[in-house]
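Coordinates as given in entry_6.csv (CSV, C-alpha atoms):
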```csv
chain,number,residue,atom,x,y,z
A,24,MET,CA,51.9,16.5,2.2
A,25,LEU,CA,49.4,19.4,2.4
A,26,THR,CA,49.4,21.2,5.7
A,27,GLN,CA,46.2,22.1,7.5
A,28,LYS,CA,46.8,25.8,6.9
A,29,GLN,CA,47.3,25.2,3.1
A,30,ALA,CA,44.3,22.9,3.0
A,31,SER,CA,42.0,25.2,4.8
A,32,GLY,CA,43.0,28.4,3.1
A,33,SER,CA,43.5,31.7,4.9
A,34,VAL,CA,41.9,35.1,5.2
A,35,SER,CA,44.4,36.4,2.7
A,36,ASP,CA,43.1,34.0,0.1
A,37,CYS,CA,39.9,36.0,0.0
A,38,VAL,CA,41.3,38.8,-2.0
A,39,GLN,CA,38.0,40.2,-3.3
A,40,PRO,CA,36.0,42.3,-0.9
A,41,ARG,CA,32.8,40.4,-1.5
A,42,HIS,CA,34.5,37.3,-0.3
A,43,LEU,CA,35.9,38.7,3.0
A,44,GLU,CA,32.9,37.4,5.0
A,45,LEU,CA,33.7,33.8,3.7
A,46,ALA,CA,37.1,33.6,5.5
A,47,VAL,CA,35.5,32.0,8.5
A,48,MET,CA,34.6,28.3,8.2
A,49,ALA,CA,30.9,27.8,7.6
A,50,SER,CA,29.1,25.3,9.7
A,51,LEU,CA,26.5,22.8,8.6
A,52,ASP,CA,23.6,23.0,11.0
A,53,GLN,CA,22.9,19.4,12.1
A,54,ARG,CA,19.2,20.2,12.2
A,55,TRP,CA,19.4,20.1,8.4
A,56,LEU,CA,20.8,16.6,8.6
A,57,LEU,CA,17.8,15.8,10.8
A,58,ALA,CA,15.3,17.5,8.4
A,59,VAL,CA,16.0,15.0,5.6
A,60,TYR,CA,14.3,12.3,7.8
A,61,LEU,CA,11.0,14.0,7.3
A,62,ILE,CA,10.4,11.5,4.5
A,63,VAL,CA,10.0,8.8,7.2
A,64,PRO,CA,6.8,10.1,8.8
A,65,ALA,CA,5.5,11.2,5.3
A,66,THR,CA,6.0,7.7,3.9
A,67,VAL,CA,4.5,5.9,6.9
A,68,LEU,CA,1.5,8.2,6.8
A,69,THR,CA,1.1,7.5,3.1
A,70,ILE,CA,1.2,3.7,3.7
A,71,VAL,CA,-1.3,4.0,6.6
A,72,LEU,CA,-3.8,6.1,4.6
A,73,ASP,CA,-3.5,4.0,1.4
A,74,HIS,CA,-3.7,0.6,3.3
A,75,TRP,CA,-6.5,1.4,5.7
A,76,VAL,CA,-8.4,4.3,4.1
A,77,PHE,CA,-8.1,4.2,0.3
A,78,GLY,CA,-8.2,0.4,-0.2
A,79,GLN,CA,-4.5,0.2,-1.4
A,80,ILE,CA,-5.2,2.0,-4.6
A,81,LEU,CA,-1.7,3.5,-4.5
A,82,ARG,CA,0.0,0.2,-4.1
A,83,VAL,CA,-2.1,-1.8,-6.6
A,84,ALA,CA,-2.9,0.7,-9.3
A,85,ILE,CA,-0.6,3.8,-9.2
A,86,LEU,CA,2.8,3.2,-7.7
A,87,PRO,CA,5.4,1.3,-9.7
A,88,VAL,CA,7.3,-1.5,-8.0
A,89,MET,CA,10.6,0.4,-8.2
A,90,PRO,CA,11.2,4.1,-8.4
A,91,GLU,CA,13.5,3.6,-11.4
A,92,GLN,CA,10.3,3.5,-13.5
A,93,TRP,CA,10.0,7.3,-12.8
A,94,PRO,CA,12.3,9.2,-15.2
A,95,LEU,CA,12.6,12.1,-12.8
A,96,TRP,CA,13.8,9.8,-10.1
A,97,VAL,CA,16.6,8.5,-12.3
A,98,ILE,CA,17.6,12.0,-13.2
A,99,LEU,CA,17.7,13.3,-9.6
A,100,PHE,CA,18.7,10.3,-7.4
A,101,GLY,CA,21.5,7.7,-7.4
A,102,LEU,CA,24.1,8.6,-9.9
A,103,PRO,CA,24.1,12.4,-9.4
A,104,HIS,CA,25.4,12.2,-5.9
A,105,VAL,CA,28.0,9.7,-7.1
A,106,VAL,CA,29.2,12.2,-9.7
A,107,ALA,CA,29.1,15.0,-7.1
A,108,GLY,CA,31.3,13.0,-4.7
A,109,THR,CA,33.7,12.3,-7.5
A,110,LEU,CA,33.9,16.0,-8.4
A,111,THR,CA,35.0,16.9,-4.9
A,112,MET,CA,38.2,15.1,-5.8
A,113,ALA,CA,38.9,17.4,-8.8
A,114,ASP,CA,41.5,19.3,-6.7
A,115,SER,CA,45.2,19.1,-7.4
A,116,ASP,CA,46.0,19.1,-3.6
A,117,TYR,CA,43.5,16.3,-3.0
A,118,LEU,CA,44.8,14.2,-5.9
A,119,ARG,CA,48.3,14.4,-4.7
A,120,HIS,CA,47.3,13.6,-1.1
A,121,TYR,CA,45.1,10.5,-1.9
A,122,ARG,CA,46.8,9.1,-5.0
A,123,LYS,CA,48.7,6.3,-3.3
A,124,GLN,CA,45.5,5.2,-1.5
A,125,PHE,CA,43.4,5.0,-4.6
A,126,ILE,CA,45.6,3.8,-7.4
A,127,LEU,CA,45.2,0.1,-6.7
A,128,PRO,CA,41.4,0.4,-6.1
A,129,LEU,CA,41.1,2.3,-9.3
A,130,ILE,CA,42.8,-0.5,-11.2
A,131,LEU,CA,40.7,-3.2,-9.4
A,132,TYR,CA,37.4,-1.5,-10.0
A,133,SER,CA,38.2,-0.6,-13.6
A,134,THR,CA,38.7,-4.3,-14.2
A,135,VAL,CA,35.5,-5.2,-12.4
A,136,ALA,CA,33.6,-2.5,-14.3
A,137,LEU,CA,34.8,-3.8,-17.7
A,138,ALA,CA,34.0,-7.4,-16.7
A,139,GLY,CA,30.5,-6.3,-15.6
A,140,VAL,CA,29.8,-4.8,-19.0
A,141,LEU,CA,31.8,-7.0,-21.4
A,142,GLY,CA,32.5,-10.2,-19.5
A,143,PRO,CA,30.8,-13.6,-19.6
A,144,SER,CA,27.1,-13.7,-18.7
A,145,LEU,CA,27.7,-15.1,-15.2
A,146,VAL,CA,30.1,-12.2,-14.5
A,147,ARG,CA,27.5,-9.7,-15.8
A,148,VAL,CA,25.1,-11.1,-13.2
A,149,LEU,CA,27.6,-11.2,-10.3
A,150,VAL,CA,28.9,-7.7,-10.7
A,151,PRO,CA,25.5,-5.9,-10.4
A,152,ALA,CA,24.7,-8.3,-7.4
A,153,TRP,CA,27.9,-7.2,-5.7
A,154,LEU,CA,27.2,-3.6,-6.5
A,155,GLY,CA,23.7,-4.0,-5.0
A,156,ILE,CA,25.1,-5.4,-1.7
A,157,TYR,CA,27.7,-2.7,-1.7
A,158,THR,CA,25.1,0.0,-2.3
A,159,ILE,CA,23.0,-1.1,0.7
A,160,TYR,CA,26.1,-1.1,2.9
A,161,HIS,CA,27.1,2.4,1.6
A,162,LEU,CA,23.6,3.9,2.1
A,163,LEU,CA,23.4,2.7,5.7
A,164,THR,CA,27.0,3.3,6.8
A,165,GLN,CA,26.9,7.0,5.9
A,166,GLN,CA,24.0,7.6,8.3
A,167,ILE,CA,25.6,5.4,10.9
A,168,GLY,CA,28.9,7.3,10.6
A,169,LEU,CA,27.1,10.6,11.0
A,170,SER,CA,25.4,9.2,14.1
A,171,PHE,CA,28.7,8.3,15.6
A,172,THR,CA,30.0,11.9,15.3
A,173,MET,CA,27.3,12.8,17.8
A,174,LEU,CA,28.2,10.1,20.3
A,175,ARG,CA,31.0,9.3,22.7
A,176,PRO,CA,32.9,6.2,21.6
A,177,SER,CA,31.6,3.0,23.3
A,178,ARG,CA,31.6,-0.8,22.6
A,179,LEU,CA,27.8,-0.6,22.1
A,180,MET,CA,28.2,1.5,19.0
A,181,LEU,CA,29.5,-1.5,17.0
A,182,PHE,CA,26.5,-3.6,18.0
A,183,TRP,CA,24.1,-0.8,17.1
A,184,LYS,CA,25.8,-0.5,13.7
A,185,TRP,CA,25.5,-4.2,12.9
A,186,MET,CA,21.9,-4.3,13.9
A,187,ILE,CA,21.1,-1.6,11.4
A,188,LEU,CA,23.1,-3.3,8.7
A,189,LEU,CA,21.6,-6.8,9.5
A,190,THR,CA,18.1,-5.4,9.4
A,191,GLY,CA,18.7,-3.6,6.2
A,192,PHE,CA,20.3,-6.6,4.5
A,193,LEU,CA,17.6,-9.0,5.5
A,194,LEU,CA,14.9,-6.7,4.2
A,195,TYR,CA,16.6,-6.1,0.9
A,196,ALA,CA,17.3,-9.8,0.6
A,197,GLY,CA,13.6,-10.4,1.0
A,198,VAL,CA,12.8,-7.9,-1.7
A,199,TYR,CA,15.3,-9.6,-4.1
A,200,VAL,CA,14.0,-13.1,-3.4
A,201,GLY,CA,10.4,-12.0,-3.8
A,202,ALA,CA,11.2,-10.2,-7.1
A,203,ASN,CA,13.4,-12.8,-8.7
A,204,ILE,CA,12.5,-16.2,-7.0
A,205,PRO,CA,8.9,-15.8,-5.9
A,206,ASP,CA,8.3,-19.5,-5.4
A,207,ALA,CA,11.5,-20.1,-3.5
A,208,THR,CA,11.5,-21.8,-0.1
A,209,ILE,CA,14.2,-22.1,2.6
A,210,GLY,CA,14.1,-25.3,4.4
A,211,GLY,CA,10.4,-25.6,3.6
A,212,TYR,CA,9.7,-22.1,5.1
A,213,ASP,CA,8.5,-19.0,3.3
A,214,PRO,CA,11.5,-16.6,2.8
A,215,TYR,CA,9.1,-13.6,3.2
A,216,ALA,CA,8.0,-14.9,6.6
A,217,LEU,CA,11.6,-15.6,7.6
A,218,CYS,CA,12.7,-12.1,6.6
A,219,VAL,CA,9.9,-10.6,8.7
A,220,ILE,CA,10.8,-12.7,11.7
A,221,PHE,CA,14.6,-12.1,11.6
A,222,SER,CA,14.6,-8.5,10.5
A,223,GLY,CA,11.9,-7.8,13.2
A,224,SER,CA,14.1,-9.4,15.8
A,225,SER,CA,17.2,-7.4,14.8
A,226,LEU,CA,15.1,-4.2,14.7
A,227,LEU,CA,14.0,-4.9,18.3
A,228,LEU,CA,17.6,-5.4,19.4
A,229,LEU,CA,18.5,-2.2,17.6
A,230,THR,CA,15.7,-0.3,19.4
A,231,GLY,CA,16.7,-1.7,22.7
A,232,SER,CA,20.4,-0.8,22.3
A,233,SER,CA,19.5,2.7,21.3
A,234,PHE,CA,18.2,3.5,24.8
A,235,PHE,CA,21.6,2.7,26.2
A,236,LEU,CA,23.4,4.7,23.5
A,237,LEU,CA,21.4,7.8,24.5
A,238,LYS,CA,23.8,8.1,27.5
A,239,THR,CA,26.7,8.7,25.1
A,240,VAL,CA,25.1,11.6,23.1
A,241,THR,CA,27.3,14.7,22.8
A,242,ALA,CA,25.6,16.8,20.1
A,243,PRO,CA,22.4,18.9,20.7
A,244,VAL,CA,20.5,16.9,18.1
A,245,GLY,CA,22.3,13.6,18.8
A,246,ALA,CA,19.4,11.8,20.5
A,247,ARG,CA,16.9,12.9,17.8
A,248,TYR,CA,19.4,11.8,15.0
A,249,LEU,CA,19.9,8.5,16.7
A,250,TRP,CA,16.2,7.8,16.8
A,251,ALA,CA,15.8,9.2,13.3
A,252,ASN,CA,18.0,6.4,12.0
A,253,VAL,CA,16.1,3.8,14.0
A,254,ALA,CA,12.9,5.2,12.5
A,255,MET,CA,14.4,5.0,9.0
A,256,ILE,CA,15.0,1.3,9.4
A,257,GLY,CA,11.7,0.9,11.1
A,258,SER,CA,9.9,2.5,8.2
A,259,VAL,CA,11.6,0.3,5.7
A,260,PHE,CA,10.5,-2.7,7.8
A,261,PHE,CA,6.9,-1.3,7.9
A,262,ALA,CA,6.9,-0.9,4.1
A,263,PHE,CA,8.2,-4.4,3.6
A,264,VAL,CA,5.6,-6.0,5.8
A,265,PHE,CA,2.7,-4.2,4.0
A,266,GLY,CA,4.2,-4.8,0.5
A,267,TYR,CA,5.2,-1.2,-0.5
A,268,THR,CA,8.4,-2.2,-2.2
A,269,ILE,CA,9.0,1.1,-3.8
A,270,PHE,CA,9.3,2.9,-0.4
A,271,ILE,CA,11.9,0.3,0.7
A,272,VAL,CA,14.1,1.8,-2.0
A,273,ILE,CA,13.0,5.5,-1.7
A,274,ILE,CA,13.4,6.1,2.0
A,275,PRO,CA,17.1,5.3,2.5
A,276,ARG,CA,18.0,6.7,-0.9
A,277,VAL,CA,16.4,10.1,-0.4
A,278,ILE,CA,17.9,10.4,3.1
A,279,HIS,CA,21.4,9.3,1.9
A,280,ASP,CA,21.5,11.5,-1.2
A,281,LEU,CA,20.2,14.7,0.4
A,282,THR,CA,22.6,14.2,3.3
A,283,ALA,CA,25.4,13.8,0.9
A,284,PHE,CA,24.6,17.0,-1.0
A,285,LEU,CA,24.4,18.9,2.3
A,286,ILE,CA,27.9,17.6,3.3
A,287,TYR,CA,29.3,18.4,-0.1
A,288,ALA,CA,27.9,21.9,0.0
A,289,ASN,CA,29.5,22.7,3.3
A,290,HIS,CA,32.8,21.2,2.3
A,291,ASP,CA,32.9,22.9,-1.1
A,292,ARG,CA,32.0,26.3,0.4
A,293,ASN,CA,34.8,26.0,3.0
A,294,ARG,CA,37.3,24.7,0.5
A,295,ASN,CA,36.5,26.9,-2.6
A,296,ALA,CA,34.5,30.0,-1.7
A,297,CYS,CA,37.6,32.1,-1.1
A,298,THR,CA,40.0,30.5,-3.5
A,299,PRO,CA,38.6,27.9,-6.0
A,300,HIS,CA,41.0,25.0,-5.5
A,301,ASN,CA,38.6,22.6,-7.2
A,302,TYR,CA,38.7,22.7,-11.0
A,303,LEU,CA,34.9,22.7,-11.2
A,304,TYR,CA,34.7,26.0,-9.3
A,305,ARG,CA,37.5,27.5,-11.3
A,306,LEU,CA,35.6,26.7,-14.5
A,307,THR,CA,32.3,28.0,-13.3
A,308,ARG,CA,33.4,31.2,-11.6
A,309,SER,CA,31.7,33.3,-14.3
A,310,LEU,CA,28.4,31.4,-14.2
A,311,PRO,CA,25.4,33.3,-12.7
A,312,LEU,CA,24.6,30.5,-10.3
A,313,PRO,CA,24.5,30.6,-6.5
A,314,PHE,CA,27.5,28.8,-5.1
A,315,PHE,CA,25.5,26.0,-3.5
A,316,LEU,CA,23.7,25.2,-6.8
A,317,ILE,CA,26.9,24.7,-8.9
A,318,LEU,CA,27.7,21.1,-7.8
A,319,PRO,CA,24.1,19.8,-7.9
A,320,SER,CA,23.5,21.3,-11.3
A,321,ILE,CA,26.7,20.0,-12.9
A,322,SER,CA,26.3,16.6,-11.2
A,323,ILE,CA,22.7,16.1,-12.4
A,324,THR,CA,23.7,17.1,-15.9
A,325,LEU,CA,26.7,14.8,-16.1
A,326,ALA,CA,24.8,11.9,-14.6
A,327,TYR,CA,22.0,12.4,-17.1
A,328,LEU,CA,24.4,12.4,-20.0
A,329,LEU,CA,26.1,9.2,-18.8
A,330,GLN,CA,22.7,7.4,-18.4
A,331,ALA,CA,21.3,8.7,-21.7
A,332,SER,CA,23.7,6.6,-23.8
A,333,HIS,CA,23.6,2.8,-23.8
A,334,HIS,CA,27.1,2.5,-25.2
A,335,TRP,CA,29.3,0.0,-23.3
A,336,LEU,CA,31.8,2.7,-22.5
A,337,PHE,CA,29.3,4.8,-20.6
A,338,ALA,CA,28.0,1.8,-18.7
A,339,THR,CA,31.6,1.0,-17.7
A,340,ILE,CA,32.2,4.5,-16.5
A,341,ILE,CA,29.0,4.4,-14.4
A,342,TYR,CA,30.1,1.1,-12.8
A,343,LEU,CA,33.6,2.5,-12.1
A,344,LEU,CA,32.4,5.8,-10.7
A,345,THR,CA,29.9,4.0,-8.4
A,346,PHE,CA,32.4,1.5,-7.0
A,347,MET,CA,35.1,4.1,-6.5
A,348,HIS,CA,32.6,6.5,-4.9
A,349,TYR,CA,31.7,3.8,-2.3
A,350,HIS,CA,35.3,3.1,-1.6
A,351,THR,CA,36.5,6.7,-1.4
A,352,GLU,CA,33.6,8.0,0.7
A,353,ALA,CA,34.5,5.5,3.4
A,354,ILE,CA,38.0,7.1,3.7
A,355,VAL,CA,38.0,10.8,2.8
A,356,TRP,CA,35.4,11.9,5.4
A,357,ARG,CA,37.3,10.4,8.3
A,358,ARG,CA,39.6,12.6,10.4
A,359,PRO,CA,42.2,13.8,9.8
A,360,ASN,CA,41.8,13.5,6.0
A,361,LEU,CA,41.7,16.7,3.9
A,362,HIS,CA,38.0,16.5,3.1
A,363,ARG,CA,37.1,16.3,6.8
A,364,GLN,CA,39.2,19.4,7.5
A,365,HIS,CA,36.8,21.4,5.4
A,366,LEU,CA,33.6,19.9,6.9
A,367,ASN,CA,32.3,21.7,9.9
A,368,PHE,CA,29.2,20.8,12.0
A,369,ALA,CA,27.3,23.1,14.2
```
Kindly transcribe the structure held in the file into structure tokens.
Amino acid sequence: MLTQKQASGSVSDCVQPRHLELAVMASLDQRWLLAVYLIVPATVLTIVLDHWVFGQILRVAILPVMPEQWPLWVILFGLPHVVAGTLTMADSDYLRHYRKQFILPLILYSTVALAGVLGPSLVRVLVPAWLGIYTIYHLLTQQIGLSFTMLRPSRLMLFWKWMILLTGFLLYAGVYVGANIPDATIGGYDPYALCVIFSGSSLLLLTGSSFFLLKTVTAPVGARYLWANVAMIGSVFFAFVFGYTIFIVIIPRVIHDLTAFLIYANHDRNRNACTPHNYLYRLTRSLPLPFFLILPSISITLAYLLQASHHWLFATIIYLLTFMHYHTEAIVWRRPNLHRQHLNFA
């Protein structure tokens, strides 16, 4: 078992004079975590202007239905942050510490990944559907978890969490039904209308509970971060109501991925800036890249190479990396795990 002193490194690890200033743990300013939510007002303003000023020209004639139709989007978002999260595990101390927790999931998800690529047609449909549900859960629970670090524990937190998840799942279910079963009905009712009614109701409950949660805020930006997450779900609802499907995908994905890279940057700096424990930083020590650009650059490159090939092996690897990323991220950033020891908020 790795001790906290061994995990954190010491001043003596920074043997080179230019690294002496890095001996103290760097802090991630929580205002940066809040800044990524600027996409919310930007998106809402875009919808308002397009819908009421420009006659919906963006929605009808310019914007694709899904952002995956933009090559740059595929290169920058989604898989790169999955690869980045995986690379934080390329550390001998971490691998020893977590191996017992991740051996069985690795076997399970390897089987699922192979089945999703090479299995019967029904399985090849079910695996992406499962991954889609898991993705929504992962996107939202990261932001929920960060919100909880700024609050005192209370019973209301669980209700708040499930109202966010319920609203998100209802909206994405509405998008899925509209895209794949446009003529479907549920008990004679329009699924779109039902999604609006039920997701709107859960959004109201979420908003109401947020006022009570304000009493438990502990961090300086806690109240603003709490409302930022409510605004994120509210903006997704707004985009759904007015038919801007692309923004339903873009808003939480951009917030999630940028947040993840901010967290990885703080963790990696604290873990590797003095002594490169991680194999990635050992291999790239001689590269003329600023420290904070190493992980994004390598992650984007590897993700691009994985997606550039349509070979079944690469598709399997993508499935496996994604499933394992969702599983491991729910564990490693919780106290007192080693990842969390190197993440410091200000």
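The shortest atom-to-atom distance to Val355 of chain A, with all atoms listed in the file taken into account, belongs to A:Met112 out of A:Leu57, A:Ile340, A:Met112, A:Ile62.
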For Tyr160 of chain A, which residue out of A:Val106, A:Ala353, A:Leu303, A:Ile80 is the nearest one, using all atoms listed in the file? A:Ala353
Report the distance between atom CA of Trp335 of chain A and atom CA of Ile156 of chain A in Å, rounded to one decimal place. 22.7 Å
To one decimal place in Å, what is the distance between atom CA of Gly191 of chain A and atom CA of Leu343 of chain A?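 Answer for the atom CA of Gly191 of chain A to atom CA of Leu343 of chain A separation: 24.4 Å.
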List the spatial neighbours of segment 218-231 of chain A as a ChimeraX atom specification - criterion: any atom at most 6 Å away, all atoms listed in the file, same-chain residues fewer than 6 positions off excluded. /A:183,186,190,193,197
Could those residues be written to a file, using C-alpha atoms, as a CSV table (one decimal), in the coordinates of the input?
```csv
chain,number,residue,atom,x,y,z
A,183,TRP,CA,24.1,-0.8,17.1
A,186,MET,CA,21.9,-4.3,13.9
A,190,THR,CA,18.1,-5.4,9.4
A,193,LEU,CA,17.6,-9.0,5.5
A,197,GLY,CA,13.6,-10.4,1.0
```
